[in-house]
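*Asks:* Just dropping this structure here.
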Amino acid sequence: MQKMLNILKTVCDKYDIVINTQKTVCMVVNPKCTSKLVCDNFPQFVLNQQLKYVTSFKYLGHVLMNNVSDTADNEREIRNMFMQCNVLVTRFKYCSSSVKRVLFRTYVLCLYNIALWTNFTATNLNKLKACYNKCIKKFFGFCRLDSMTQILIRLHLSSLDTLLHNARTSFDKQCSTSSNCLIQYLAQLMSYAGF
C-alpha cells in the first residue's frame with residue numbers, strides 16, 4: 001500500500017496536482033466473525049503526512065463503514081429525504097399535483113446510491129419506508145390515515161420497495177454489460193457472493 005501511495009505522490013508531483021489529505025484516509029474492514037481477526041494493529045501510511053484511520057467515511061455521498069453496514073447511509077438518506085421534503089412544502093405547497101410530482105421525483109427521490117445497499121436491518125428499511133410515506137402525504141396534502149397504496153396509484157408514484165428493486169436491477173445490468181473488464185469481474189464476484 002505504501003508503494004502505491006509513493007507512486008501516486010510521484011505522479012501528482014510530476015503533474016503539479018495537490019493531494020487533499022483530509023479526504024485521503026485509511027479504513028480497516030473488520031471480518032464479521034471476530035475470531036477471524038488477523039491483526040488489530042496496522043502500519044501508518046504516509047502521503048505528504050500520516051494518513052488517519054477512520055471507522056466511517058463519506059465518499060461520493062455514500063457513507064462507508066468499517067463493519068460494512070449500510071445503517072449510517074440509510075439514516076443519512078432519511079435525514080436528506082425529510083429535509084428536501086420540508087423545503088418543497090415550504091416553497092411549493094400551492095402548486096398543482098402534476099407539478100408537485102415532478103418536483104418530488106426530482107428533489108426527494110435522488111436515491112442514486114441505494115443500489116449499493118446490501119447490509120442493513122429490516123428496522124432501518126422500515127424507517128426509510130415510513131419516511132418516504134410521510135413525505136408523500138405531507139407534500140401532497142393527504143391525511144395521515146389515508147391508504148398509502150391508493151395514494152401511490154393516484155399519484156403514479158412507485159413504492160419504496162419498487163424503487164429499491166429497480167435501482168438494484170439497473171445497477172446489476174450496468175455492471176454486467178460494462179465493457180470494463182474490472183467491473184465485469186467485480187459483478188461476477190458479487191453474483192457469486194449473493195449480492
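All residue names refer to the C-alpha cells as shown: chains lettered A, B, ... in order, residues numbered from 1 in each chain, ligands numbered from 1 in order.
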DSSP on the backbone, alpha helix (DSSP H) only: what residues of segment 3-48 of chain A does that give? Format it as a ChimeraX atom specification.

*Replies:* /A:3-14

*Asks:* Could you build a table of the residues in segment 53-132 of chain A lying no more than 9 Å from segment 11-27 of chain A, giving for each the nearest pair of atoms and their separation in Å rounded to one decimal place, using only C-alpha atoms, ordered by chain and ascending residue number, as JSON lines?

*Replies:*
{"residue": "A:Tyr53", "atom": "CA", "partner": "A:Cys26", "partner_atom": "CA", "distance": 4.7}
{"residue": "A:Val54", "atom": "CA", "partner": "A:Met27", "partner_atom": "CA", "distance": 5.4}
{"residue": "A:Thr55", "atom": "CA", "partner": "A:Met27", "partner_atom": "CA", "distance": 6.3}
{"residue": "A:Ser56", "atom": "CA", "partner": "A:Met27", "partner_atom": "CA", "distance": 7.7}
{"residue": "A:Phe57", "atom": "CA", "partner": "A:Val25", "partner_atom": "CA", "distance": 8.3}
{"residue": "A:Tyr59", "atom": "CA", "partner": "A:Lys23", "partner_atom": "CA", "distance": 8.8}
{"residue": "A:Met65", "atom": "CA", "partner": "A:Met27", "partner_atom": "CA", "distance": 8.4}
{"residue": "A:Asn66", "atom": "CA", "partner": "A:Met27", "partner_atom": "CA", "distance": 6.4}

*Asks:* Report as a list in words all protein, DNA and RNA residues lying within 8 Å of Ser69 of chain A, evaluated on only C-alpha atoms, omitting residues in the same chain fewer than 5 positions from it.

*Replies:*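 Counting only the stated atoms, we get Leu64, Thr118, Asn119 and Phe120 of chain A.
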
*Asks:* Mind checking which residues fall within 10 Å of Gly61 of chain A, counting only C-alpha atoms, ignoring those fewer than 4 positions away in the same chain, and posting them as a list in words?

*Replies:*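 Listing them by chain and then by number gives Phe57, Asp73, Arg76, Glu77, Tyr112 and Asn113 of chain A.
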
*Asks:* Provide the atom CA of Gln2 of chain A to atom CA of Leu116 of chain A distance in Å, to one decimal place.

*Replies:*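 One can read the atom CA of Gln2 of chain A to atom CA of Leu116 of chain A distance as 28.4 Å.
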
*Asks:* For Leu164 of chain A, find every residue with an atom within 12 Å (counting only C-alpha atoms), except residues of its own chain fewer than 6 positions away, and show them as a list in words.

*Replies:* Leu109, Cys110, Leu111, Tyr112, Asn113, Ile114, Ala115, Leu116, Trp117, Thr118, Leu125, Leu128, Lys129, Ser158, Ser170 and Phe171 of chain A

*Asks:* Dump C-alpha atoms for the selected residues as a PDB file, in the first residue's frame?

*Replies:*
ATOM      1  CA  LEU A 109     -36.191  10.721  -4.938  1.00  0.00           C
ATOM      2  CA  CYS A 110     -32.482  11.268  -5.651  1.00  0.00           C
ATOM      3  CA  LEU A 111     -31.676   7.837  -4.221  1.00  0.00           C
ATOM      4  CA  TYR A 112     -28.786   7.132  -6.571  1.00  0.00           C
ATOM      5  CA  ASN A 113     -26.767   5.075  -4.081  1.00  0.00           C
ATOM      6  CA  ILE A 114     -29.459   2.733  -2.712  1.00  0.00           C
ATOM      7  CA  ALA A 115     -28.429   0.094  -5.247  1.00  0.00           C
ATOM      8  CA  LEU A 116     -25.215  -0.299  -3.235  1.00  0.00           C
ATOM      9  CA  TRP A 117     -27.024  -1.217  -0.009  1.00  0.00           C
ATOM     10  CA  THR A 118     -26.530  -4.857   0.929  1.00  0.00           C
ATOM     11  CA  LEU A 125     -35.596  -0.221   5.841  1.00  0.00           C
ATOM     12  CA  LEU A 128     -36.921   4.686   5.366  1.00  0.00           C
ATOM     13  CA  LYS A 129     -40.306   3.433   4.108  1.00  0.00           C
ATOM     14  CA  SER A 158     -43.664   3.853  -7.045  1.00  0.00           C
ATOM     15  CA  SER A 170     -30.405  -1.319 -13.104  1.00  0.00           C
ATOM     16  CA  PHE A 171     -27.072  -1.353 -11.241  1.00  0.00           C
TER      17      PHE A 171
END

*Asks:* Name the closest residue to Lys93 of chain A among the candidates A:Ala122, A:Ser159, A:Gly141, A:Pro31; distances are taken between atoms, counting only C-alpha atoms.

*Replies:*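 Looking at the shortest contact to Lys93 of chain A, the residue is A:Gly141.
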
*Asks:* One number please: atom CA of Phe92 of chain A to atom CA of Asn80 of chain A, in Å, one decimal.

*Replies:*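 Those two atoms sit 17.8 Å apart.
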
*Asks:* Expressed in Å to a single decimal, how great is the separation between atom CA of Asn67 of chain A and atom CA of Lys32 of chain A?

*Replies:*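 These two atoms are separated by 7.4 Å.
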
*Asks:* Tell me which protein, DNA and RNA residues are within 12 Å of Asn133 of chain A, counting only C-alpha atoms, leaving out same-chain ones fewer than 3 positions away, and put them as a PyMOL selection string.

*Replies:* chain A and resi 78+81-82+85+108+126-130+136-152+157-161

*Asks:* Using only C-alpha atoms, which residues sit within 12 Å of Met1 of chain A once same-chain residues fewer than 5 positions away are excluded, as a PyMOL selection string?

*Replies:* chain A and resi 6-8+26+42-47+51

*Asks:* Quick one: of A:Cys181, A:Leu155, A:Val28, A:Met83, who's nearest to Ser96 of chain A, counting only C-alpha atoms?

*Replies:* A:Leu155

*Asks:* Check the smallest atom-to-atom distance from each of A:Thr106, A:Ser98, A:Leu5, A:Val29 to Gln50 of chain A using only C-alpha atoms, then report the winner.

*Replies:*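 Using only C-alpha atoms, Gln50 of chain A sits closest to A:Leu5.
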
*Asks:* Within segment 1-105 of chain A, find each residue whose DSSP state, derived from the backbone, is strand (DSSP E), and express the selection as a ChimeraX atom specification.

*Replies:* /A:46-47,49-50,56-59,62-65
